[in-house]
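Pasted below: upload-v7.cif, mmCIF, N, CA and C atoms.
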data_model
loop_
_atom_site.label_atom_id
_atom_site.label_comp_id
_atom_site.auth_asym_id
_atom_site.auth_seq_id
_atom_site.Cartn_x
_atom_site.Cartn_y
_atom_site.Cartn_z
N MET U 1014 -53.24 20.14 230.66
CA MET U 1014 -53.80 20.50 229.36
C MET U 1014 -53.18 19.65 228.27
N LYS U 1015 -51.84 19.50 228.30
CA LYS U 1015 -51.15 18.71 227.28
C LYS U 1015 -51.67 17.28 227.27
N GLU U 1016 -51.87 16.71 228.46
CA GLU U 1016 -52.35 15.33 228.56
C GLU U 1016 -53.76 15.20 227.99
N MET U 1017 -54.58 16.21 228.24
CA MET U 1017 -55.96 16.19 227.72
C MET U 1017 -55.95 16.19 226.20
N LEU U 1018 -55.11 17.02 225.62
CA LEU U 1018 -55.01 17.10 224.16
C LEU U 1018 -54.49 15.79 223.58
N GLU U 1019 -53.46 15.24 224.20
CA GLU U 1019 -52.92 13.95 223.73
C GLU U 1019 -53.98 12.86 223.79
N GLU U 1020 -54.74 12.82 224.87
CA GLU U 1020 -55.80 11.82 225.03
C GLU U 1020 -56.89 12.00 223.97
N TYR U 1021 -57.27 13.25 223.73
CA TYR U 1021 -58.28 13.54 222.71
C TYR U 1021 -57.80 13.06 221.33
N LEU U 1022 -56.55 13.35 221.00
CA LEU U 1022 -56.01 12.96 219.70
C LEU U 1022 -55.95 11.44 219.54
N LYS U 1023 -55.66 10.73 220.63
CA LYS U 1023 -55.64 9.26 220.58
C LYS U 1023 -57.02 8.68 220.33
N LYS U 1024 -58.04 9.30 220.89
CA LYS U 1024 -59.41 8.80 220.79
C LYS U 1024 -60.12 9.22 219.51
N THR U 1025 -59.69 10.31 218.91
CA THR U 1025 -60.40 10.90 217.77
C THR U 1025 -59.69 10.56 216.47
N GLU U 1026 -60.36 9.82 215.61
CA GLU U 1026 -59.81 9.49 214.30
C GLU U 1026 -60.05 10.66 213.34
N PRO U 1027 -59.01 11.09 212.62
CA PRO U 1027 -59.21 12.18 211.65
C PRO U 1027 -59.98 11.70 210.42
N GLU U 1028 -60.72 12.61 209.81
CA GLU U 1028 -61.43 12.30 208.57
C GLU U 1028 -60.86 13.18 207.47
N TYR U 1029 -60.12 12.55 206.57
CA TYR U 1029 -59.50 13.27 205.46
C TYR U 1029 -60.33 13.10 204.20
N TYR U 1030 -60.01 13.86 203.18
CA TYR U 1030 -60.72 13.83 201.90
C TYR U 1030 -59.66 13.77 200.79
N PRO U 1031 -59.98 13.12 199.68
CA PRO U 1031 -58.99 13.04 198.58
C PRO U 1031 -58.65 14.43 198.07
N PRO U 1032 -57.40 14.74 197.76
CA PRO U 1032 -56.23 13.88 197.74
C PRO U 1032 -55.50 13.80 199.07
N VAL U 1033 -56.11 14.32 200.14
CA VAL U 1033 -55.48 14.33 201.45
C VAL U 1033 -55.59 12.95 202.09
N GLU U 1034 -54.44 12.39 202.45
CA GLU U 1034 -54.42 11.07 203.06
C GLU U 1034 -53.89 11.10 204.49
N ASN U 1035 -53.24 12.19 204.87
CA ASN U 1035 -52.70 12.28 206.23
C ASN U 1035 -52.57 13.76 206.61
N LEU U 1036 -52.12 13.98 207.82
CA LEU U 1036 -52.03 15.34 208.34
C LEU U 1036 -51.07 16.21 207.53
N PHE U 1037 -49.96 15.62 207.06
CA PHE U 1037 -49.00 16.40 206.27
C PHE U 1037 -49.63 16.86 204.95
N ASP U 1038 -50.41 15.98 204.32
CA ASP U 1038 -51.13 16.36 203.09
C ASP U 1038 -52.07 17.53 203.36
N LEU U 1039 -52.77 17.45 204.49
CA LEU U 1039 -53.74 18.49 204.84
C LEU U 1039 -53.04 19.84 205.04
N ILE U 1040 -51.92 19.82 205.75
CA ILE U 1040 -51.16 21.06 205.97
C ILE U 1040 -50.67 21.61 204.64
N TYR U 1041 -50.16 20.73 203.77
CA TYR U 1041 -49.68 21.17 202.45
C TYR U 1041 -50.80 21.77 201.62
N GLU U 1042 -51.95 21.11 201.59
CA GLU U 1042 -53.10 21.62 200.83
C GLU U 1042 -53.48 23.02 201.30
N HIS U 1043 -53.60 23.20 202.61
CA HIS U 1043 -53.98 24.51 203.13
C HIS U 1043 -52.89 25.55 202.90
N TYR U 1044 -51.64 25.14 203.03
CA TYR U 1044 -50.54 26.08 202.81
C TYR U 1044 -50.54 26.58 201.36
N THR U 1045 -50.66 25.66 200.41
CA THR U 1045 -50.59 26.07 199.00
C THR U 1045 -51.83 26.86 198.58
N GLU U 1046 -52.98 26.58 199.20
CA GLU U 1046 -54.18 27.35 198.89
C GLU U 1046 -54.04 28.80 199.34
N ASN U 1047 -53.36 29.00 200.47
CA ASN U 1047 -53.27 30.34 201.05
C ASN U 1047 -51.96 31.06 200.73
N ASN U 1048 -51.02 30.38 200.10
CA ASN U 1048 -49.73 30.97 199.77
C ASN U 1048 -49.35 30.61 198.34
N PRO U 1049 -49.99 31.24 197.35
CA PRO U 1049 -49.66 30.92 195.97
C PRO U 1049 -48.20 31.22 195.66
N VAL U 1050 -47.68 30.51 194.69
CA VAL U 1050 -46.28 30.69 194.31
C VAL U 1050 -46.05 32.12 193.86
N GLY U 1051 -45.04 32.74 194.44
CA GLY U 1051 -44.69 34.11 194.07
C GLY U 1051 -43.68 34.10 192.93
N LYS U 1052 -44.14 34.41 191.75
CA LYS U 1052 -43.26 34.37 190.58
C LYS U 1052 -42.28 35.55 190.57
N ASN U 1053 -42.45 36.50 191.45
CA ASN U 1053 -41.55 37.64 191.49
C ASN U 1053 -40.37 37.42 192.43
N THR U 1054 -40.30 36.24 193.06
CA THR U 1054 -39.15 35.95 193.90
C THR U 1054 -37.98 35.55 193.01
N VAL U 1055 -36.78 35.59 193.57
CA VAL U 1055 -35.59 35.19 192.81
C VAL U 1055 -35.73 33.73 192.38
N ALA U 1056 -36.11 32.86 193.32
CA ALA U 1056 -36.27 31.44 193.00
C ALA U 1056 -37.37 31.22 191.96
N GLY U 1057 -38.46 31.98 192.08
CA GLY U 1057 -39.56 31.85 191.12
C GLY U 1057 -39.15 32.26 189.72
N LYS U 1058 -38.35 33.32 189.63
CA LYS U 1058 -37.86 33.78 188.32
C LYS U 1058 -36.91 32.76 187.70
N VAL U 1059 -36.05 32.17 188.52
CA VAL U 1059 -35.13 31.14 188.02
C VAL U 1059 -35.92 29.93 187.53
N ALA U 1060 -36.91 29.50 188.30
CA ALA U 1060 -37.72 28.35 187.92
C ALA U 1060 -38.46 28.61 186.62
N LYS U 1061 -39.01 29.80 186.49
CA LYS U 1061 -39.74 30.16 185.26
C LYS U 1061 -38.81 30.15 184.05
N ALA U 1062 -37.59 30.66 184.23
CA ALA U 1062 -36.61 30.67 183.14
C ALA U 1062 -36.22 29.24 182.74
N LYS U 1063 -36.04 28.37 183.73
CA LYS U 1063 -35.69 26.97 183.45
C LYS U 1063 -36.84 26.26 182.72
N GLU U 1064 -38.06 26.58 183.13
CA GLU U 1064 -39.22 26.00 182.48
C GLU U 1064 -39.29 26.44 181.02
N LYS U 1065 -39.01 27.71 180.78
CA LYS U 1065 -39.01 28.25 179.41
C LYS U 1065 -37.92 27.59 178.57
N GLU U 1066 -36.73 27.38 179.15
CA GLU U 1066 -35.64 26.68 178.45
C GLU U 1066 -36.08 25.28 178.03
N LEU U 1067 -36.72 24.57 178.95
CA LEU U 1067 -37.17 23.21 178.65
C LEU U 1067 -38.21 23.22 177.53
N GLU U 1068 -39.15 24.16 177.62
CA GLU U 1068 -40.18 24.26 176.58
C GLU U 1068 -39.56 24.54 175.21
N GLU U 1069 -38.63 25.47 175.15
CA GLU U 1069 -37.98 25.81 173.88
C GLU U 1069 -37.19 24.62 173.34
N TRP U 1070 -36.51 23.89 174.22
CA TRP U 1070 -35.75 22.73 173.80
C TRP U 1070 -36.67 21.64 173.25
N LEU U 1071 -37.77 21.39 173.95
CA LEU U 1071 -38.73 20.37 173.49
C LEU U 1071 -39.34 20.75 172.14
N ARG U 1072 -39.72 22.01 172.02
CA ARG U 1072 -40.33 22.47 170.76
C ARG U 1072 -39.37 22.32 169.58
N GLY U 1073 -38.07 22.39 169.86
CA GLY U 1073 -37.06 22.27 168.80
C GLY U 1073 -36.77 20.85 168.37
N LEU U 1074 -37.24 19.87 169.12
CA LEU U 1074 -36.98 18.47 168.77
C LEU U 1074 -37.94 18.01 167.67
N GLU U 1075 -37.44 17.18 166.80
CA GLU U 1075 -38.25 16.66 165.70
C GLU U 1075 -39.42 15.84 166.24
N GLY U 1076 -40.61 16.09 165.69
CA GLY U 1076 -41.80 15.33 166.04
C GLY U 1076 -42.59 15.88 167.21
N MET U 1077 -42.10 16.93 167.84
CA MET U 1077 -42.77 17.46 169.02
C MET U 1077 -44.05 18.23 168.68
N ASP U 1078 -44.24 18.56 167.40
CA ASP U 1078 -45.46 19.26 167.02
C ASP U 1078 -46.60 18.29 166.69
N ARG U 1079 -46.29 16.99 166.77
CA ARG U 1079 -47.32 15.96 166.52
C ARG U 1079 -48.42 16.09 167.56
N LEU U 1080 -49.68 16.03 167.11
CA LEU U 1080 -50.81 16.20 168.02
C LEU U 1080 -51.18 14.87 168.66
N ILE U 1081 -51.44 14.94 169.98
CA ILE U 1081 -51.87 13.77 170.73
C ILE U 1081 -53.04 14.17 171.63
N ASP U 1082 -53.72 13.18 172.19
CA ASP U 1082 -54.86 13.46 173.06
C ASP U 1082 -54.39 14.00 174.40
N ASP U 1083 -55.12 15.00 174.90
CA ASP U 1083 -54.84 15.46 176.26
C ASP U 1083 -55.83 14.78 177.20
N TYR U 1084 -55.97 15.29 178.41
CA TYR U 1084 -56.80 14.64 179.42
C TYR U 1084 -58.29 14.71 179.14
N VAL U 1085 -58.72 15.71 178.39
CA VAL U 1085 -60.16 15.88 178.16
C VAL U 1085 -60.57 15.56 176.72
N GLY U 1086 -59.68 14.94 175.96
CA GLY U 1086 -60.01 14.54 174.61
C GLY U 1086 -59.65 15.54 173.52
N ASP U 1087 -59.10 16.68 173.90
CA ASP U 1087 -58.63 17.63 172.89
C ASP U 1087 -57.31 17.14 172.33
N ARG U 1088 -56.85 17.77 171.26
CA ARG U 1088 -55.57 17.42 170.66
C ARG U 1088 -54.57 18.54 170.95
N ILE U 1089 -53.42 18.17 171.50
CA ILE U 1089 -52.38 19.14 171.83
C ILE U 1089 -51.04 18.62 171.30
N PRO U 1090 -50.07 19.54 171.10
CA PRO U 1090 -48.76 19.10 170.64
C PRO U 1090 -48.07 18.22 171.70
N LEU U 1091 -47.26 17.30 171.24
CA LEU U 1091 -46.56 16.39 172.15
C LEU U 1091 -45.72 17.15 173.17
N TRP U 1092 -45.05 18.24 172.74
CA TRP U 1092 -44.22 19.00 173.67
C TRP U 1092 -45.03 19.53 174.85
N GLU U 1093 -46.28 19.93 174.58
CA GLU U 1093 -47.14 20.47 175.63
C GLU U 1093 -47.54 19.38 176.62
N LYS U 1094 -47.80 18.18 176.12
CA LYS U 1094 -48.13 17.04 176.99
C LYS U 1094 -46.94 16.71 177.89
N ILE U 1095 -45.74 16.75 177.33
CA ILE U 1095 -44.53 16.48 178.12
C ILE U 1095 -44.36 17.55 179.20
N MET U 1096 -44.58 18.80 178.85
CA MET U 1096 -44.47 19.89 179.83
C MET U 1096 -45.49 19.69 180.97
N ASP U 1097 -46.69 19.25 180.62
CA ASP U 1097 -47.71 19.00 181.63
C ASP U 1097 -47.28 17.89 182.57
N ARG U 1098 -46.78 16.81 182.02
CA ARG U 1098 -46.30 15.69 182.84
C ARG U 1098 -45.12 16.12 183.73
N GLN U 1099 -44.22 16.91 183.15
CA GLN U 1099 -43.07 17.40 183.89
C GLN U 1099 -43.54 18.25 185.07
N GLY U 1100 -44.55 19.07 184.85
CA GLY U 1100 -45.11 19.89 185.93
C GLY U 1100 -45.70 19.04 187.04
N THR U 1101 -46.36 17.97 186.67
CA THR U 1101 -46.95 17.06 187.65
C THR U 1101 -45.86 16.43 188.52
N VAL U 1102 -44.77 16.02 187.88
CA VAL U 1102 -43.64 15.43 188.62
C VAL U 1102 -43.05 16.46 189.58
N CYS U 1103 -42.86 17.70 189.10
CA CYS U 1103 -42.30 18.75 189.96
C CYS U 1103 -43.20 19.02 191.16
N CYS U 1104 -44.51 19.02 190.95
CA CYS U 1104 -45.44 19.26 192.05
C CYS U 1104 -45.35 18.14 193.09
N ALA U 1105 -45.21 16.90 192.63
CA ALA U 1105 -45.08 15.78 193.56
C ALA U 1105 -43.80 15.91 194.40
N TRP U 1106 -42.71 16.31 193.76
CA TRP U 1106 -41.45 16.50 194.49
C TRP U 1106 -41.56 17.69 195.45
N GLU U 1107 -42.26 18.74 195.04
CA GLU U 1107 -42.44 19.90 195.90
C GLU U 1107 -43.20 19.50 197.17
N GLU U 1108 -44.25 18.72 197.00
CA GLU U 1108 -45.03 18.28 198.16
C GLU U 1108 -44.19 17.40 199.08
N THR U 1109 -43.39 16.53 198.50
CA THR U 1109 -42.51 15.67 199.30
C THR U 1109 -41.51 16.52 200.09
N ALA U 1110 -40.91 17.50 199.44
CA ALA U 1110 -39.94 18.37 200.12
C ALA U 1110 -40.61 19.16 201.24
N PHE U 1111 -41.82 19.64 201.00
CA PHE U 1111 -42.57 20.37 202.00
C PHE U 1111 -42.81 19.49 203.22
N GLU U 1112 -43.26 18.27 202.98
CA GLU U 1112 -43.55 17.34 204.07
C GLU U 1112 -42.28 17.02 204.87
N GLU U 1113 -41.18 16.76 204.17
CA GLU U 1113 -39.93 16.45 204.86
C GLU U 1113 -39.44 17.66 205.67
N GLY U 1114 -39.65 18.85 205.15
CA GLY U 1114 -39.29 20.06 205.89
C GLY U 1114 -40.10 20.19 207.16
N LEU U 1115 -41.39 19.87 207.10
CA LEU U 1115 -42.22 19.89 208.30
C LEU U 1115 -41.71 18.89 209.33
N LYS U 1116 -41.34 17.71 208.87
CA LYS U 1116 -40.82 16.69 209.79
C LYS U 1116 -39.55 17.17 210.49
N VAL U 1117 -38.68 17.81 209.74
CA VAL U 1117 -37.45 18.35 210.33
C VAL U 1117 -37.81 19.41 211.38
N GLY U 1118 -38.74 20.28 211.05
CA GLY U 1118 -39.17 21.31 211.99
C GLY U 1118 -39.78 20.72 213.26
N ILE U 1119 -40.57 19.68 213.09
CA ILE U 1119 -41.19 19.03 214.26
C ILE U 1119 -40.12 18.40 215.14
N ARG U 1120 -39.16 17.72 214.50
CA ARG U 1120 -38.08 17.11 215.28
C ARG U 1120 -37.27 18.18 216.03
N LEU U 1121 -37.03 19.29 215.36
CA LEU U 1121 -36.30 20.39 215.99
C LEU U 1121 -37.06 20.90 217.21
N MET U 1122 -38.36 21.11 217.05
CA MET U 1122 -39.17 21.58 218.17
C MET U 1122 -39.15 20.58 219.32
N MET U 1123 -39.25 19.29 219.00
CA MET U 1123 -39.22 18.27 220.04
C MET U 1123 -37.88 18.28 220.77
N ASP U 1124 -36.79 18.43 220.02
CA ASP U 1124 -35.47 18.48 220.64
C ASP U 1124 -35.33 19.71 221.53
N LEU U 1125 -35.81 20.85 221.06
CA LEU U 1125 -35.71 22.08 221.83
C LEU U 1125 -36.52 22.01 223.11
N TYR U 1126 -37.72 21.40 223.03
CA TYR U 1126 -38.56 21.31 224.22
C TYR U 1126 -38.07 20.27 225.20
N SER U 1127 -37.21 19.35 224.75
CA SER U 1127 -36.70 18.34 225.67
C SER U 1127 -35.46 18.82 226.42
N LEU U 1128 -34.95 19.99 226.04
CA LEU U 1128 -33.76 20.52 226.72
C LEU U 1128 -34.05 20.96 228.13
#
As structure tokens - that is how I would like this structure written.
Amino acid sequence: MKEMLEEYLKKTEPEYYPPVENLFDLIYEHYTENNPVGKNTVAGKVAKAKEKELEEWLRGLEGMDRLIDDYVGDRIPLWEKIMDRQGTVCCAWEETAFEEGLKVGIRLMMDLYSL
């Protein structure tokens, strides 16, 4: 059975869709769709507090209330644009960490099965 599955996977090319470029992206997309962030967890509460600290700090800086264009042509304060960009960076790092964690888990499984 294992050999049949391996042979099938070698012969069958996967068809992904943007933003999915590989199997790890696909797993991450499905995981995040079915497991929304729990803001009531300890880690979620800490993250939310840190985000609030950053927002308050940015709002306190001179010039942060200046209006700039957002993605759809509306005008938003500079601090809000920075928070949006910061969120995008955090999401990219989260996806990277998720993928690396999967790789570690796969290696662990391979090591355990080779014993």
| request: Return as a PyMOL selection string the full set of residues in chain U whose backbone-based DSSP assignment is alpha helix (DSSP H). | output: chain U and resi 1015-1024+1036-1047+1055-1073+1091-1126
| Expressed in Å to a single decimal, how great is the separation between CA of Leu1022 (chain U) and CA of Asn1047 (chain U)? |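 A separation of 25.6 Å between them.
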| task | Apply the PyMOL selection byres (((chain U and resi 1083 and name CA) around 12) and name CA) to the structure shown and report the selected residues as a ChimeraX atom specification. | result | /U:1080-1082,1084-1098
| query | Which residue out of U:Glu1108, U:Met1077, U:Arg1072, U:Leu1067 has the minimum interatomic distance to Leu1039 (chain U) when only C-alpha atoms are used? | reply |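 Comparing U:Glu1108, U:Met1077, U:Arg1072, U:Leu1067 against Leu1039 (chain U), the winner is U:Glu1108.
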| If you run DSSP on the backbone, which residues of chain U are strand (DSSP E or B), as number ranges by chain? | U: 1080-1082, 1088-1090
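Atom to atom, CA of Thr1025 (chain U) and CA of Asp1038 (chain U) stand 18.2 Å apart.
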| field | Interatomic distance (Å, one decimal) between CA of Asn1053 (chain U) and atom C of Thr1101 (chain U) | value |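 Going from CA of Asn1053 (chain U) over to atom C of Thr1101 (chain U) covers 21.8 Å.
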| request: Using all atoms listed in the file, determine which residues lie at most 8 Å from region 1109-1120 of chain U, disregarding the query and same-chain residues fewer than 4 positions distant; provide the list as an MDAnalysis selection string. | output: chainID U and resid 1037:1038 1041 1103:1105 1124:1126
